[in-house]
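**Q** Please read through the structure below; I'll follow up with questions.
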Amino acid sequence: MFLPSGRVHAIGAGNVILEIQQNSDTTYRVDDWGRKDEKGKSRELHVREAMASIRWDDVEPTWIQPRGERMLVCDFFQVKRWWLMPGEVRELVPDAGTFRYLFVADGRVREEESGEEWAKGSGRFVTADHPSLILQGVEESTVVQVEFP
């Protein structure tokens, strides 16, 4: 989930996250949920600063479905299904050992290089020597990928 600067957020107890952020040395604590520092003291809150930096026009973040799942594996092929939200990008790197078949099961995606849109029901073979293929969700989309070992 991408959280732009100015978006209020919280992490629930027991959750583990990987947070990647630009270094700014600025965190405004609005509430600390009763936690204490290593000396048993309440940590400083920054309510005034936080209120001044909140993006009040910000909307609730869009839920991003799991990136994909393996649907079937056998000796001859494997089938994966993955999702793209509007604006979300997926890059398929070349695989010299095989070709792929991509099928848009729902929604619409755009091939970044050509700008060509693939609508629901369309499919493409991607050859083993094809350069990286970058697809972007035009609308919420489901893509089925078939790979041949």
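Residues are referred to by chain and number: the chain letter is A, B, ... according to the order shown in the structure tokens, the number counts from 1 in that chain, and ligands are numbered separately from 1 in the order shown.
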At a cut-off of 12 Å, using only C-alpha atoms, what residues contact stretch 50-60 of chain A? Leave out same-chain residues fewer than 3 positions from it and give the result as a count of residues only.
**A** 19
**Q** Write out as a list in words each polymer residue whose atoms come within 7 Å of stretch 117-119 of chain A, counting only C-alpha atoms; drop sequence neighbours fewer than 5 positions from it.
**A** Val104, Gly107, Arg108, Val109, Arg110 and Glu111 of chain A
**Q** Using only C-alpha atoms, please write the residues we just selected to a file, as a PDB file, in the first residue's frame.
**A**
```
ATOM      1  CA  VAL A 104      -7.372 -10.532 -19.942  1.00  0.00           C
ATOM      2  CA  GLY A 107     -11.144  -5.344 -17.093  1.00  0.00           C
ATOM      3  CA  ARG A 108      -8.738  -3.570 -19.403  1.00  0.00           C
ATOM      4  CA  VAL A 109      -4.948  -3.121 -19.425  1.00  0.00           C
ATOM      5  CA  ARG A 110      -2.578  -0.983 -21.484  1.00  0.00           C
ATOM      6  CA  GLU A 111       0.767  -2.054 -22.901  1.00  0.00           C
TER       7      GLU A 111
END
```
**Q** From a DSSP calculation on the backbone, collect every residue of stretch 9-122 of chain A in strand (DSSP E or B) and output the set as a PyMOL selection string.
**A** chain A and resi 36+42+68-73+78-84+86+89-92+100-106+108-111+117-119
**Q** Identify, on the basis of only C-alpha atoms, every residue whose closest approach to stretch 135-145 of chain A does not exceed 10 Å; exclude the query and any residue fewer than 4 positions from it along the same chain; express the result as an mmCIF file with N, CA and C atoms, in the first residue's frame.
**A**
```cif
data_model
loop_
_atom_site.group_PDB
_atom_site.id
_atom_site.type_symbol
_atom_site.label_atom_id
_atom_site.label_comp_id
_atom_site.auth_asym_id
_atom_site.auth_seq_id
_atom_site.Cartn_x
_atom_site.Cartn_y
_atom_site.Cartn_z
ATOM 1 N N ILE A 64 -5.513 -2.897 -2.529
ATOM 2 C CA ILE A 64 -4.807 -3.583 -3.603
ATOM 3 C C ILE A 64 -4.891 -5.071 -3.323
ATOM 4 N N GLN A 65 -5.501 -5.790 -4.253
ATOM 5 C CA GLN A 65 -5.653 -7.228 -4.078
ATOM 6 C C GLN A 65 -4.282 -7.894 -4.133
ATOM 7 N N GLY A 68 -1.050 -11.901 -7.073
ATOM 8 C CA GLY A 68 -1.354 -13.022 -7.935
ATOM 9 C C GLY A 68 -1.327 -14.331 -7.182
ATOM 10 N N GLU A 69 -1.724 -15.351 -7.890
ATOM 11 C CA GLU A 69 -1.730 -16.680 -7.288
ATOM 12 C C GLU A 69 -1.499 -17.714 -8.374
ATOM 13 N N ARG A 70 -0.892 -18.801 -7.987
ATOM 14 C CA ARG A 70 -0.682 -19.911 -8.909
ATOM 15 C C ARG A 70 -1.960 -20.734 -8.899
ATOM 16 N N MET A 71 -2.535 -20.935 -10.060
ATOM 17 C CA MET A 71 -3.797 -21.663 -10.154
ATOM 18 C C MET A 71 -3.592 -23.140 -10.461
ATOM 19 N N GLN A 78 2.038 -24.060 -16.543
ATOM 20 C CA GLN A 78 1.501 -23.564 -15.273
ATOM 21 C C GLN A 78 0.637 -22.343 -15.558
ATOM 22 N N VAL A 79 -0.360 -22.154 -14.727
ATOM 23 C CA VAL A 79 -1.301 -21.051 -14.903
ATOM 24 C C VAL A 79 -1.260 -20.184 -13.647
ATOM 25 N N LYS A 80 -1.079 -18.888 -13.866
ATOM 26 C CA LYS A 80 -1.095 -17.914 -12.772
ATOM 27 C C LYS A 80 -2.190 -16.897 -13.065
ATOM 28 N N ARG A 81 -2.708 -16.326 -12.008
ATOM 29 C CA ARG A 81 -3.697 -15.252 -12.166
ATOM 30 C C ARG A 81 -3.206 -14.085 -11.324
ATOM 31 N N TRP A 82 -3.270 -12.883 -11.889
ATOM 32 C CA TRP A 82 -2.881 -11.705 -11.132
ATOM 33 C C TRP A 82 -3.795 -10.542 -11.467
ATOM 34 N N TRP A 83 -3.752 -9.551 -10.575
ATOM 35 C CA TRP A 83 -4.681 -8.432 -10.668
ATOM 36 C C TRP A 83 -3.931 -7.124 -10.810
ATOM 37 N N LEU A 84 -4.562 -6.194 -11.506
ATOM 38 C CA LEU A 84 -4.049 -4.831 -11.608
ATOM 39 C C LEU A 84 -5.176 -3.868 -11.269
ATOM 40 N N MET A 85 -4.892 -2.923 -10.406
ATOM 41 C CA MET A 85 -5.827 -1.842 -10.118
ATOM 42 C C MET A 85 -5.559 -0.723 -11.125
ATOM 43 N N PRO A 86 -6.483 0.211 -11.305
ATOM 44 C CA PRO A 86 -6.242 1.322 -12.231
ATOM 45 C C PRO A 86 -4.943 2.053 -11.877
ATOM 46 N N GLY A 87 -4.073 2.193 -12.871
ATOM 47 C CA GLY A 87 -2.796 2.866 -12.672
ATOM 48 C C GLY A 87 -1.687 1.971 -12.163
ATOM 49 N N GLU A 88 -2.009 0.791 -11.657
ATOM 50 C CA GLU A 88 -0.988 -0.131 -11.156
ATOM 51 C C GLU A 88 -0.255 -0.762 -12.335
ATOM 52 N N VAL A 89 1.040 -0.997 -12.167
ATOM 53 C CA VAL A 89 1.894 -1.483 -13.251
ATOM 54 C C VAL A 89 2.471 -2.847 -12.890
ATOM 55 N N ARG A 90 2.593 -3.695 -13.899
ATOM 56 C CA ARG A 90 3.227 -5.020 -13.732
ATOM 57 C C ARG A 90 4.214 -5.205 -14.878
ATOM 58 N N GLU A 91 5.455 -5.555 -14.549
ATOM 59 C CA GLU A 91 6.467 -5.792 -15.573
ATOM 60 C C GLU A 91 6.743 -7.282 -15.674
ATOM 61 N N LEU A 92 6.711 -7.792 -16.893
ATOM 62 C CA LEU A 92 7.073 -9.181 -17.163
ATOM 63 C C LEU A 92 8.439 -9.161 -17.828
ATOM 64 N N ARG A 100 5.048 -17.156 -23.226
ATOM 65 C CA ARG A 100 3.899 -17.010 -22.328
ATOM 66 C C ARG A 100 2.664 -16.655 -23.135
ATOM 67 N N TYR A 101 1.533 -16.975 -22.567
ATOM 68 C CA TYR A 101 0.263 -16.518 -23.123
ATOM 69 C C TYR A 101 -0.431 -15.713 -22.038
ATOM 70 N N LEU A 102 -0.845 -14.499 -22.371
ATOM 71 C CA LEU A 102 -1.548 -13.631 -21.430
ATOM 72 C C LEU A 102 -2.974 -13.440 -21.911
ATOM 73 N N PHE A 103 -3.917 -13.562 -20.996
ATOM 74 C CA PHE A 103 -5.338 -13.444 -21.314
ATOM 75 C C PHE A 103 -5.979 -12.486 -20.312
ATOM 76 N N VAL A 104 -6.679 -11.474 -20.819
ATOM 77 C CA VAL A 104 -7.372 -10.532 -19.942
ATOM 78 C C VAL A 104 -8.740 -11.125 -19.622
ATOM 79 N N ALA A 105 -8.882 -11.637 -18.405
ATOM 80 C CA ALA A 105 -10.129 -12.284 -17.996
ATOM 81 C C ALA A 105 -11.184 -11.268 -17.577
ATOM 82 N N ASP A 106 -10.730 -10.105 -17.126
ATOM 83 C CA ASP A 106 -11.669 -9.072 -16.700
ATOM 84 C C ASP A 106 -10.961 -7.726 -16.744
ATOM 85 N N GLY A 107 -11.693 -6.691 -17.096
ATOM 86 C CA GLY A 107 -11.144 -5.344 -17.093
ATOM 87 C C GLY A 107 -10.437 -4.988 -18.382
ATOM 88 N N ARG A 108 -9.474 -4.078 -18.254
ATOM 89 C CA ARG A 108 -8.738 -3.570 -19.403
ATOM 90 C C ARG A 108 -7.354 -3.135 -18.941
ATOM 91 N N VAL A 109 -6.327 -3.499 -19.727
ATOM 92 C CA VAL A 109 -4.948 -3.121 -19.425
ATOM 93 C C VAL A 109 -4.338 -2.431 -20.641
ATOM 94 N N ARG A 110 -3.275 -1.685 -20.401
ATOM 95 C CA ARG A 110 -2.578 -0.983 -21.484
ATOM 96 C C ARG A 110 -1.128 -1.431 -21.509
ATOM 97 N N GLU A 111 -0.649 -1.738 -22.712
ATOM 98 C CA GLU A 111 0.767 -2.054 -22.901
ATOM 99 C C GLU A 111 1.512 -0.725 -22.935
ATOM 100 N N GLU A 112 2.447 -0.551 -22.020
ATOM 101 C CA GLU A 112 3.084 0.755 -21.853
ATOM 102 C C GLU A 112 3.820 1.226 -23.097
ATOM 103 N N GLU A 113 4.601 0.355 -23.722
ATOM 104 C CA GLU A 113 5.428 0.786 -24.851
ATOM 105 C C GLU A 113 4.599 1.218 -26.055
ATOM 106 N N GLY A 115 1.157 1.577 -26.083
ATOM 107 C CA GLY A 115 -0.075 2.284 -25.736
ATOM 108 C C GLY A 115 -1.326 1.494 -26.084
ATOM 109 N N GLU A 116 -1.145 0.307 -26.642
ATOM 110 C CA GLU A 116 -2.283 -0.528 -27.045
ATOM 111 C C GLU A 116 -3.024 -1.046 -25.819
ATOM 112 N N GLU A 117 -4.348 -0.975 -25.871
ATOM 113 C CA GLU A 117 -5.167 -1.485 -24.777
ATOM 114 C C GLU A 117 -5.662 -2.885 -25.101
ATOM 115 N N TRP A 118 -5.628 -3.734 -24.097
ATOM 116 C CA TRP A 118 -6.134 -5.091 -24.208
ATOM 117 C C TRP A 118 -7.416 -5.147 -23.394
ATOM 118 N N ALA A 119 -8.514 -5.451 -24.045
ATOM 119 C CA ALA A 119 -9.815 -5.499 -23.381
ATOM 120 C C ALA A 119 -10.105 -6.907 -22.867
ATOM 121 N N LYS A 120 -11.116 -7.000 -22.032
ATOM 122 C CA LYS A 120 -11.573 -8.290 -21.517
ATOM 123 C C LYS A 120 -11.789 -9.255 -22.683
ATOM 124 N N GLY A 121 -11.244 -10.465 -22.550
ATOM 125 C CA GLY A 121 -11.393 -11.480 -23.588
ATOM 126 C C GLY A 121 -10.251 -11.520 -24.582
ATOM 127 N N SER A 122 -9.349 -10.543 -24.538
ATOM 128 C CA SER A 122 -8.239 -10.558 -25.491
ATOM 129 C C SER A 122 -7.041 -11.283 -24.897
ATOM 130 N N GLY A 123 -6.216 -11.822 -25.777
ATOM 131 C CA GLY A 123 -5.039 -12.556 -25.345
ATOM 132 C C GLY A 123 -3.872 -12.301 -26.264
ATOM 133 N N ARG A 124 -2.662 -12.550 -25.781
ATOM 134 C CA ARG A 124 -1.447 -12.345 -26.565
ATOM 135 C C ARG A 124 -0.426 -13.420 -26.210
ATOM 136 N N PHE A 125 0.284 -13.887 -27.220
ATOM 137 C CA PHE A 125 1.467 -14.705 -26.988
ATOM 138 C C PHE A 125 2.646 -13.755 -26.813
#
```
**Q** Could you work out how far atom CA of A:Val93 lies from atom CA of A:Ser114, giving the answer in Å with one decimal?
**A**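 Interatomic distance here is 16.5 Å.
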**Q** Which residue gives the smallest distance to A:Val146 among A:Val16, A:Ala96, A:Ile11, A:Val126, with only C-alpha atoms counted?
**A**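 Looking only at the distances to A:Val146, the closest residue turns out to be A:Val126.
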